[in-house]
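This is input_11.csv (CSV, C-alpha atoms and all ligand atoms).
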chain,number,residue,atom,x,y,z
I,104,MET,CA,-189.9,-109.8,67.0
I,105,THR,CA,-187.6,-107.8,64.7
I,106,SER,CA,-185.8,-109.5,61.8
I,107,PRO,CA,-182.1,-110.4,62.2
I,108,ASN,CA,-181.2,-107.8,59.5
I,109,ALA,CA,-183.2,-105.0,61.1
I,110,PRO,CA,-180.9,-102.1,60.6
I,111,HIS,CA,-182.8,-99.7,62.9
I,112,ALA,CA,-183.9,-101.9,65.8
I,113,ASP,CA,-182.6,-99.4,68.3
I,114,ARG,CA,-184.9,-96.7,66.9
I,115,TYR,CA,-188.3,-98.0,67.9
I,116,PRO,CA,-189.9,-99.3,71.1
I,117,ALA,CA,-190.3,-103.0,71.8
I,118,GLY,CA,-193.5,-105.0,71.2
I,119,SER,CA,-196.7,-103.4,70.1
I,120,ALA,CA,-195.5,-99.9,71.0
I,121,ALA,CA,-193.4,-100.1,67.8
I,122,PHE,CA,-196.7,-100.0,65.8
I,123,PRO,CA,-199.7,-99.3,68.0
I,124,GLN,CA,-202.2,-98.7,65.2
I,125,ARG,CA,-205.0,-101.2,64.6
I,126,ASP,CA,-205.3,-100.2,60.9
I,127,LEU,CA,-203.1,-98.9,58.1
I,128,ILE,CA,-205.2,-96.2,56.5
I,129,ALA,CA,-202.6,-93.5,55.8
I,130,LEU,CA,-199.0,-92.7,56.3
I,131,ALA,CA,-199.8,-89.1,57.2
I,132,GLY,CA,-199.4,-88.9,61.0
I,133,LEU,CA,-197.2,-91.9,61.5
I,134,ALA,CA,-194.0,-91.4,63.4
I,135,PRO,CA,-190.7,-92.0,61.6
I,136,TRP,CA,-190.0,-95.1,63.8
I,137,GLU,CA,-193.4,-96.6,63.0
I,138,ILE,CA,-192.5,-96.4,59.3
I,139,LEU,CA,-188.9,-97.7,59.9
I,140,PHE,CA,-190.4,-100.6,61.9
I,141,LEU,CA,-192.5,-101.7,59.0
I,142,LEU,CA,-189.6,-101.3,56.5
I,143,ASP,CA,-187.4,-103.4,58.8
I,144,GLU,CA,-190.0,-106.1,59.2
I,145,ALA,CA,-190.3,-106.3,55.4
I,146,GLU,CA,-186.5,-107.2,55.1
I,147,GLN,CA,-187.0,-110.8,56.2
I,148,TRP,CA,-189.8,-111.2,53.6
I,149,VAL,CA,-187.6,-109.9,50.8
I,150,GLU,CA,-185.2,-112.7,51.7
I,151,LEU,CA,-187.9,-115.4,52.0
I,152,ASN,CA,-189.4,-114.3,48.6
I,153,ARG,CA,-186.1,-114.9,46.9
I,154,GLN,CA,-186.0,-118.6,48.1
I,155,PRO,CA,-187.5,-121.5,46.1
I,156,HIS,CA,-189.7,-122.3,49.1
I,157,LYS,CA,-191.6,-119.1,49.8
I,158,ARG,CA,-193.8,-120.1,52.7
I,159,ASP,CA,-194.2,-119.1,56.4
I,160,ASP,CA,-197.3,-120.3,58.1
I,161,ARG,CA,-197.7,-117.7,60.8
I,162,LEU,CA,-201.1,-116.6,59.5
I,163,ALA,CA,-202.4,-120.2,59.0
I,164,GLY,CA,-206.1,-120.4,59.9
I,165,LEU,CA,-206.7,-116.7,59.4
I,166,THR,CA,-209.0,-115.3,56.7
I,167,ILE,CA,-208.0,-112.2,54.8
I,168,ILE,CA,-210.6,-110.5,52.6
I,169,ASN,CA,-209.4,-108.3,49.7
I,170,ALA,CA,-212.4,-106.1,48.9
I,171,PHE,CA,-211.6,-104.2,45.7
I,172,PHE,CA,-214.2,-101.7,44.7
I,173,GLU,CA,-211.9,-100.3,42.0
I,174,ASN,CA,-209.8,-102.2,39.4
I,175,SER,CA,-206.3,-103.2,40.2
I,176,THR,CA,-203.8,-105.7,38.8
I,177,ARG,CA,-200.6,-105.4,40.8
I,178,THR,CA,-201.9,-104.3,44.1
I,179,LEU,CA,-204.5,-107.0,44.3
I,180,LEU,CA,-202.1,-109.7,43.2
I,181,SER,CA,-199.4,-108.5,45.5
I,182,PHE,CA,-201.8,-108.6,48.6
I,183,GLU,CA,-203.1,-112.0,47.5
I,184,ILE,CA,-199.6,-113.4,47.2
I,185,ALA,CA,-198.5,-111.8,50.5
I,186,GLY,CA,-201.4,-113.4,52.4
I,187,LYS,CA,-200.8,-116.8,50.8
I,188,ARG,CA,-197.1,-116.8,51.5
I,189,LEU,CA,-197.9,-116.3,55.2
I,190,GLY,CA,-200.3,-119.2,55.1
I,191,ALA,CA,-203.6,-117.3,55.4
I,192,ASP,CA,-206.8,-118.1,53.5
I,193,VAL,CA,-207.2,-115.2,51.1
I,194,VAL,CA,-210.6,-114.4,49.5
I,195,ASN,CA,-211.0,-111.7,46.8
I,196,MET,CA,-214.2,-109.7,46.5
I,197,LEU,CA,-214.2,-107.9,43.2
I,198,VAL,CA,-216.9,-105.3,42.8
I,199,ALA,CA,-217.9,-106.3,39.3
I,200,GLN,CA,-219.1,-109.7,40.8
I,201,SER,CA,-220.6,-108.3,44.0
I,202,SER,CA,-223.9,-106.9,45.3
I,203,VAL,CA,-222.4,-103.4,45.3
I,204,LYS,CA,-223.4,-103.3,41.6
I,205,LYS,CA,-227.0,-104.0,42.8
I,206,GLY,CA,-226.9,-100.9,44.9
I,207,GLU,CA,-225.8,-102.2,48.3
I,208,THR,CA,-224.4,-99.4,50.5
I,209,LEU,CA,-220.8,-99.3,51.5
I,210,ILE,CA,-221.8,-99.8,55.2
I,211,ASP,CA,-224.0,-102.8,54.3
I,212,THR,CA,-221.1,-104.3,52.5
I,213,ALA,CA,-218.8,-103.7,55.4
I,214,MET,CA,-221.2,-105.2,57.9
I,215,THR,CA,-221.6,-108.3,55.6
I,216,LEU,CA,-217.8,-108.8,55.4
I,217,ASN,CA,-217.6,-108.2,59.2
I,218,ALA,CA,-220.1,-111.0,59.9
I,219,MET,CA,-217.9,-113.4,58.0
I,220,HIS,CA,-215.2,-113.0,60.7
I,221,ALA,CA,-212.3,-111.9,58.6
I,222,ASP,CA,-209.1,-111.4,60.5
I,223,ALA,CA,-208.0,-108.6,58.2
I,224,MET,CA,-209.5,-106.7,55.3
I,225,VAL,CA,-207.7,-105.1,52.5
I,226,ILE,CA,-209.8,-102.4,50.8
I,227,ARG,CA,-209.5,-100.4,47.6
I,228,HIS,CA,-212.2,-97.8,46.9
I,229,GLN,CA,-212.6,-95.0,44.4
I,230,SER,CA,-213.7,-92.5,47.1
I,231,SER,CA,-211.3,-90.8,49.4
I,232,GLY,CA,-212.2,-91.6,53.0
I,233,ALA,CA,-214.2,-94.8,52.2
I,234,VAL,CA,-211.7,-97.1,53.7
I,235,ARG,CA,-211.6,-95.2,57.0
I,236,LEU,CA,-215.4,-95.4,57.0
I,237,ILE,CA,-215.3,-99.1,56.7
I,238,ALA,CA,-212.6,-99.4,59.3
I,239,GLU,CA,-214.8,-97.7,61.8
I,240,LYS,CA,-217.6,-100.3,61.3
I,241,VAL,CA,-215.6,-103.5,61.4
I,242,ASP,CA,-213.9,-105.5,64.1
I,243,CYS,CA,-210.7,-106.5,62.4
I,244,PRO,CA,-207.6,-104.6,61.1
I,245,VAL,CA,-208.2,-102.7,57.8
I,246,LEU,CA,-205.5,-102.0,55.3
I,247,ASN,CA,-206.0,-99.3,52.7
I,248,ALA,CA,-205.1,-100.5,49.2
I,249,GLY,CA,-205.8,-97.0,47.8
I,250,ASP,CA,-208.8,-94.7,48.4
I,251,GLY,CA,-209.6,-92.1,45.8
I,252,GLN,CA,-207.0,-89.3,45.7
I,253,HIS,CA,-206.2,-89.7,49.4
I,254,GLU,CA,-203.6,-92.4,50.2
I,255,HIS,CA,-202.0,-95.6,49.1
I,256,PRO,CA,-199.9,-96.4,52.2
I,257,THR,CA,-198.4,-99.7,51.2
I,258,GLN,CA,-197.3,-98.1,47.9
I,259,GLY,CA,-195.5,-95.4,49.9
I,260,LEU,CA,-193.9,-98.0,52.1
I,261,LEU,CA,-192.7,-100.2,49.2
I,262,ASP,CA,-191.3,-97.1,47.5
I,263,ALA,CA,-189.4,-96.2,50.6
I,264,LEU,CA,-188.0,-99.7,51.0
I,265,THR,CA,-186.9,-99.7,47.3
I,266,ILE,CA,-185.2,-96.3,47.8
I,267,ARG,CA,-183.5,-97.5,51.1
I,268,LYS,CA,-182.2,-100.6,49.4
I,269,ALA,CA,-180.6,-98.6,46.6
I,270,LYS,CA,-179.5,-95.4,48.4
I,271,GLY,CA,-179.4,-96.2,52.2
I,272,GLU,CA,-180.4,-93.4,54.6
I,273,PHE,CA,-183.1,-90.9,53.6
I,274,ALA,CA,-181.6,-87.8,55.1
I,275,GLY,CA,-179.7,-85.9,52.4
I,276,LEU,CA,-181.6,-87.5,49.5
I,277,THR,CA,-183.4,-85.3,47.0
I,278,ILE,CA,-186.4,-87.1,45.5
I,279,THR,CA,-188.4,-85.6,42.6
I,280,ILE,CA,-192.0,-86.8,42.0
I,281,CYS,CA,-193.4,-85.7,38.7
I,282,GLY,CA,-196.8,-86.1,37.1
I,283,ASP,CA,-200.4,-85.9,38.0
I,284,ILE,CA,-199.8,-84.9,41.6
I,285,LEU,CA,-203.4,-83.5,42.0
I,286,HIS,CA,-205.1,-86.9,41.5
I,287,SER,CA,-202.4,-89.2,42.9
I,288,ARG,CA,-202.8,-91.0,46.2
I,289,VAL,CA,-199.4,-92.5,45.5
I,290,ALA,CA,-197.9,-89.0,45.5
I,291,ARG,CA,-199.6,-88.2,48.8
I,292,SER,CA,-198.4,-91.3,50.6
I,293,ASN,CA,-194.9,-90.9,49.2
I,294,ILE,CA,-194.8,-87.3,50.3
I,295,HIS,CA,-195.8,-88.1,53.8
I,296,CYS,CA,-193.5,-91.1,54.0
I,297,LEU,CA,-190.4,-89.6,52.5
I,298,THR,CA,-190.6,-86.2,54.3
I,299,THR,CA,-191.2,-88.0,57.6
I,300,LEU,CA,-188.1,-90.0,57.0
I,301,GLY,CA,-186.0,-86.9,56.4
I,302,ALA,CA,-185.7,-86.7,52.6
I,303,GLU,CA,-186.1,-83.5,50.6
I,304,VAL,CA,-189.1,-83.9,48.3
I,305,ARG,CA,-189.7,-81.9,45.1
I,306,VAL,CA,-193.0,-82.2,43.2
I,307,CYS,CA,-193.4,-81.3,39.6
I,308,ALA,CA,-196.5,-81.0,37.6
I,309,PRO,CA,-198.3,-78.7,35.1
I,310,PRO,CA,-200.1,-75.9,37.1
I,311,ALA,CA,-203.5,-77.6,36.5
I,312,LEU,CA,-202.3,-80.8,38.1
I,313,MET,CA,-200.6,-79.3,41.2
I,314,PRO,CA,-202.7,-79.2,44.4
I,315,ALA,CA,-203.2,-75.6,45.6
I,316,ASP,CA,-202.1,-76.3,49.2
I,317,ILE,CA,-199.1,-78.4,48.2
I,318,GLU,CA,-196.5,-76.4,50.2
I,319,ALA,CA,-198.4,-77.3,53.4
I,320,LEU,CA,-197.0,-80.8,52.8
I,321,LYS,CA,-193.4,-79.6,53.2
I,322,VAL,CA,-192.4,-80.1,49.6
I,323,ARG,CA,-191.1,-77.7,47.0
I,324,PRO,CA,-193.4,-77.3,43.9
I,325,TYR,CA,-191.8,-77.0,40.4
I,326,TYR,CA,-193.4,-76.4,37.1
I,327,ASP,CA,-190.2,-76.7,35.1
I,328,PHE,CA,-189.2,-80.4,35.0
I,329,ASP,CA,-185.6,-79.7,34.1
I,330,ALA,CA,-185.2,-77.6,37.2
I,331,ALA,CA,-186.9,-80.2,39.3
I,332,LEU,CA,-184.5,-82.9,38.1
I,333,ALA,CA,-181.3,-81.0,38.7
I,334,GLY,CA,-179.2,-83.0,41.1
I,335,ALA,CA,-182.0,-85.4,42.1
I,336,ASP,CA,-181.1,-88.8,43.6
I,337,VAL,CA,-184.5,-90.4,42.8
I,338,VAL,CA,-187.0,-89.6,40.0
I,339,MET,CA,-190.5,-90.9,40.6
I,340,MET,CA,-192.8,-90.7,37.6
I,341,LEU,CA,-196.6,-90.8,37.9
I,342,ARG,CA,-199.4,-91.8,35.5
I,343,LEU,CA,-201.8,-89.2,34.1
I,344,GLN,CA,-205.0,-90.3,35.9
I,345,GLN,CA,-207.4,-89.6,33.1
I,346,GLU,CA,-210.2,-91.5,34.9
I,347,ARG,CA,-210.1,-88.9,37.7
I,348,MET,CA,-210.1,-85.9,35.4
I,349,SER,CA,-213.3,-84.2,34.4
I,350,GLY,CA,-212.5,-81.7,31.7
I,351,GLN,CA,-209.2,-80.7,30.1
I,352,PHE,CA,-206.2,-80.7,32.4
I,353,ILE,CA,-203.5,-81.0,29.8
I,354,PRO,CA,-203.3,-79.7,26.3
I,355,SER,CA,-202.4,-83.1,24.6
I,356,PRO,CA,-200.4,-86.2,25.5
I,357,ARG,CA,-197.8,-85.0,23.0
I,358,GLU,CA,-197.4,-81.6,24.6
I,359,TYR,CA,-197.4,-83.3,28.0
I,360,ARG,CA,-194.5,-85.6,27.0
I,361,HIS,CA,-192.6,-82.6,25.6
I,362,LEU,CA,-192.8,-80.7,28.9
I,363,TYR,CA,-193.0,-83.5,31.6
I,364,GLY,CA,-192.0,-86.8,30.0
I,365,LEU,CA,-188.9,-88.5,31.3
I,366,THR,CA,-186.6,-89.1,28.4
I,367,LEU,CA,-182.9,-90.2,28.5
I,368,ASP,CA,-181.8,-86.6,27.7
I,369,ARG,CA,-183.8,-85.3,30.7
I,370,LEU,CA,-182.7,-88.0,33.0
I,371,ALA,CA,-179.1,-86.7,32.4
I,372,ARG,CA,-180.0,-83.6,34.5
I,373,ALA,CA,-180.4,-85.7,37.6
I,374,LYS,CA,-177.5,-87.3,39.4
I,375,GLY,CA,-175.5,-89.8,37.4
I,376,ASP,CA,-176.7,-92.7,39.5
I,377,ALA,CA,-180.3,-91.4,40.0
I,378,LEU,CA,-182.9,-94.1,40.5
I,379,VAL,CA,-185.9,-94.2,38.2
I,380,MET,CA,-189.3,-95.2,39.7
I,381,HIS,CA,-192.9,-95.6,38.6
I,382,PRO,CA,-195.7,-97.2,40.6
I,383,GLY,CA,-197.4,-98.6,37.4
I,384,PRO,CA,-199.4,-98.9,35.3
I,385,MET,CA,-197.1,-96.9,33.0
I,386,ASN,CA,-198.1,-95.0,29.9
I,387,ARG,CA,-194.9,-95.7,27.9
I,388,GLY,CA,-194.1,-92.8,25.6
I,389,ILE,CA,-196.1,-90.3,27.6
I,390,GLU,CA,-194.8,-89.8,31.1
I,391,ILE,CA,-191.8,-92.1,30.6
I,392,ASP,CA,-190.0,-93.3,27.6
I,393,SER,CA,-189.4,-97.1,27.3
I,394,ASN,CA,-185.6,-96.7,27.1
I,395,VAL,CA,-185.7,-95.0,30.5
I,396,ALA,CA,-188.3,-97.4,32.1
I,397,ASP,CA,-186.1,-100.3,31.1
I,398,LEU,CA,-182.7,-98.8,31.8
I,399,PRO,CA,-180.5,-101.4,33.4
I,400,GLY,CA,-179.0,-100.5,36.7
I,401,ARG,CA,-181.1,-97.3,37.0
I,402,SER,CA,-184.8,-98.4,36.7
I,403,ALA,CA,-186.2,-99.7,40.0
I,404,ILE,CA,-189.6,-100.4,38.5
I,405,THR,CA,-189.5,-104.2,38.9
I,406,ALA,CA,-187.8,-103.8,42.3
I,407,GLN,CA,-190.8,-101.8,43.4
I,408,VAL,CA,-193.1,-104.7,42.5
I,409,GLU,CA,-190.8,-107.1,44.4
I,410,MET,CA,-190.7,-104.9,47.5
I,411,GLY,CA,-194.5,-104.6,47.3
I,412,VAL,CA,-195.1,-108.2,48.2
I,413,ALA,CA,-192.6,-108.0,51.1
I,414,ILE,CA,-194.1,-104.8,52.5
I,415,ARG,CA,-197.6,-106.3,52.3
I,416,MET,CA,-196.4,-109.4,54.2
I,417,ALA,CA,-194.9,-107.2,56.9
I,418,CYS,CA,-198.2,-105.2,57.2
I,419,LEU,CA,-200.4,-108.3,57.4
I,420,ASP,CA,-198.1,-109.9,59.9
I,421,VAL,CA,-197.8,-106.8,62.1
I,422,LEU,CA,-201.5,-105.9,62.1
I,423,THR,CA,-202.7,-109.4,63.0
I,424,ARG,CA,-200.2,-109.9,65.9
I,425,ARG,CA,-202.8,-108.7,68.5
I,426,SER,CA,-205.5,-111.2,67.4
I,427,ARG,CA,-202.8,-113.9,67.2
I,428,LYS,CA,-201.7,-113.0,70.7
I,429,VAL,CA,-198.1,-112.8,69.7
I,430,GLU,CA,-195.9,-112.1,72.8
I,431,GLY,CA,-195.6,-108.4,73.5
I,432,TRP,CA,-198.7,-107.7,71.3
I,433,ALA,CA,-201.6,-109.3,73.0
L,501,LIG,C1,-201.5,-96.7,41.4
L,501,LIG,C2,-202.9,-96.6,42.0
L,501,LIG,O1,-203.7,-97.4,41.7
L,501,LIG,O2,-203.1,-95.7,42.8
L,501,LIG,N1,-201.1,-97.9,41.0
L,501,LIG,C3,-200.8,-98.9,41.8
L,501,LIG,O3,-201.3,-99.1,42.9
L,501,LIG,N2,-199.7,-99.6,41.5
L,501,LIG,C4,-201.2,-95.6,40.5
L,501,LIG,C5,-202.0,-95.4,39.3
L,501,LIG,O4,-203.1,-95.9,39.2
L,501,LIG,O5,-201.5,-94.6,38.4

Step by step, read the file and then write its structure as structure tokens.
Amino acid sequence: MTSPNAPHADRYPAGSAAFPQRDLIALAGLAPWEILFLLDEAEQWVELNRQPHKRDDRLAGLTIINAFFENSTRTLLSFEIAGKRLGADVVNMLVAQSSVKKGETLIDTAMTLNAMHADAMVIRHQSSGAVRLIAEKVDCPVLNAGDGQHEHPTQGLLDALTIRKAKGEFAGLTITICGDILHSRVARSNIHCLTTLGAEVRVCAPPALMPADIEALKVRPYYDFDAALAGADVVMMLRLQQERMSGQFIPSPREYRHLYGLTLDRLARAKGDALVMHPGPMNRGIEIDSNVADLPGRSAITAQVEMGVAIRMACLDVLTRRSRKVEGWA
């Protein structure tokens, strides 16, 4: 079941042993070969998505529910496109239009969705742990599209695929993640993913936005952005997540940009061919200058969006193999 351009097919077991999980809630705890398997599976979808006819009907007849309790543009659209390109019926439940606003509990919502016989659910929720709670109550695979400050596993995977396509192997790479590490599920998923794959990860933030236990995640914390950038192969910038901040975490956006904004001058401290990444949405002129975000040959920001669709196709395909009784997975 691996794609013809699977560069690591010898590194993981055959059939369902390559990815034994029912759900995709977190990248923490996955084995390197489980991650590599999903990255390899995505390669065929990168190719398909570049064709004029972008359709494979392997999920025909399946229903996928995207239940988004928190706003999203690119992640929702990306999952919707992914499901549709694989032939599934995709239904979006957006919280502004749902009974959740009327006070329905999370578990009641989960039970309602379950009764509709979805074949997979993609869930985004503002509370860390909410997606796992729903997964425990429903009968189908659940994919976490971001839960609070916990994880955003498909973002971690799409970032890893973007890096692999530009830089090859992860061992020997130095990757600097800078921004609001404290509130970022993207940072957490990337840290787990990239350290598991063997990269050296540096995280950089103002002291108020650095988690206290960060060293337990096998990364090096930096408070000086210039030092964190020195010799980096990849620079990943994160948004200041104001909506998760209660109180004053940074002095002012101007001061923040001065100390932690990625400018062309700052980028020159990283390697000459360092890749620039951002998961979006970007605050241009705060954490990243426009001339860096749009830098030809260096910015991978649109490549990240492209890889996102392919990764989500891979995850939806792999997680529904059991119910589709695919050979080796039944
Ligand atoms: C991120 C998210 O929602 O966690 N965005 C995304 O999924 N592309 C990051 C963010 O909101 O800053």

Ligand LIG 501 (chain L) neighbours within 9 Å using only C-alpha atoms and all ligand atoms, as a PyMOL selection string: chain I and resi 173-179+227+248-252+254-255+257-258+283+287-290+341-344+381-385+408

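Counting all atoms listed in the file and comparing I:Asn195, I:Ser119, I:Asn247, I:Thr215, the residue that lies closest to I:Arg424 is I:Ser119.
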
Using only C-alpha atoms, I'd like a table of the residues in stretch 282-369 of chain I that come within 9 Å of stretch 128-140 of chain I; for each, show the closest atom pair and its distance in Å rounded to one decimal, ordered by chain and ascending number, as a Markdown table.
| residue | atom | partner | partner_atom | distance |
| --- | --- | --- | --- | --- |
| I:Arg291 | CA | I:Ala131 | CA | 8.5 |
| I:Ser292 | CA | I:Leu130 | CA | 5.9 |
| I:Asn293 | CA | I:Leu130 | CA | 8.4 |
| I:Ile294 | CA | I:Ala131 | CA | 8.7 |
| I:His295 | CA | I:Ala131 | CA | 5.3 |
| I:Cys296 | CA | I:Leu130 | CA | 6.2 |
| I:Thr299 | CA | I:Pro135 | CA | 5.7 |
| I:Leu300 | CA | I:Pro135 | CA | 5.6 |
| I:Gly301 | CA | I:Pro135 | CA | 8.7 |

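Relative to atom CA of I:Arg415, atom CA of I:Val234 is found at 16.9 Å.
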
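Shortest atom-to-atom contact with I:Tyr363 among I:Val395, I:Cys281, I:Met348, I:Gly400: I:Cys281, counting only C-alpha atoms.
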
One residue among I:Leu362, I:Ala274, I:Ile280, I:Leu261 is nearest to I:Ala406 when using all atoms listed in the file, and that residue is I:Leu261

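The shell of residues at most 9 Å from I:Arg235, with all atoms listed in the file counted and near chain neighbours (fewer than 4 positions) removed, consists of I:Asp126, I:Ile128, I:Ser231, I:Glu239, I:Lys240, I:Val245, I:Asn247.
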
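Across the model, the gap from atom CA of I:Val412 to atom CA of I:Arg427 is 21.3 Å.
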
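For the pair atom CA of I:Tyr115 and atom CA of I:Trp432, the interatomic distance is 14.6 Å.
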
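Near (-211.3, -110.0, 53.2), the residues that fall inside 9 Å on the basis of all atoms listed in the file are I:Thr166, I:Ile167, I:Ile168, I:Asn169, I:Ala170, I:Val193, I:Val194, I:Asn195, I:Met196, I:Leu216, I:Asn217, I:Met219, I:His220, I:Ala221, I:Asp222, I:Ala223, I:Met224, I:Val225, I:Ile226.
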
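Residues in contact range of I:Phe352, defined as at most 12 Å between only C-alpha atoms, with sequence neighbours fewer than 4 positions away removed, read Gly282, Asp283, Ile284, Leu285, His286, Ala308, Pro309, Pro310, Ala311, Leu312, Met313, Leu343, Gln344, Gln345, Glu346, Arg347, Met348, Pro356, Glu358 and Tyr359 of chain I.
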
Within 7 Å of stretch 331-340 of chain I, counting all atoms listed in the file, which residues qualify if same-chain residues fewer than 6 places away don't, as a PyMOL selection string? chain I and resi 276-282+305+307+325+372-374+377-381+390

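Distances to I:Glu183 were evaluated for I:Met416, I:Ala319, I:Ile210, I:Asp392 using all atoms listed in the file, and the minimum falls at I:Met416.
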
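The smallest atom-to-atom distance between I:Glu272 and any of I:Val203, I:Leu422, I:Ala163, I:Ala302, using only C-alpha atoms, is found for I:Ala302.
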
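Closest approach to I:Ile317 among I:Glu150, I:Val304, I:Met410, I:Asp160: I:Val304, based on all atoms listed in the file.
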
Might you pull out every residue within 9 Å of I:Leu209, with only C-alpha atoms counted and same-chain residues fewer than 4 positions away left off, and present them as an NGL selection string? :I and (203 or 213-214 or 233 or 236-237)
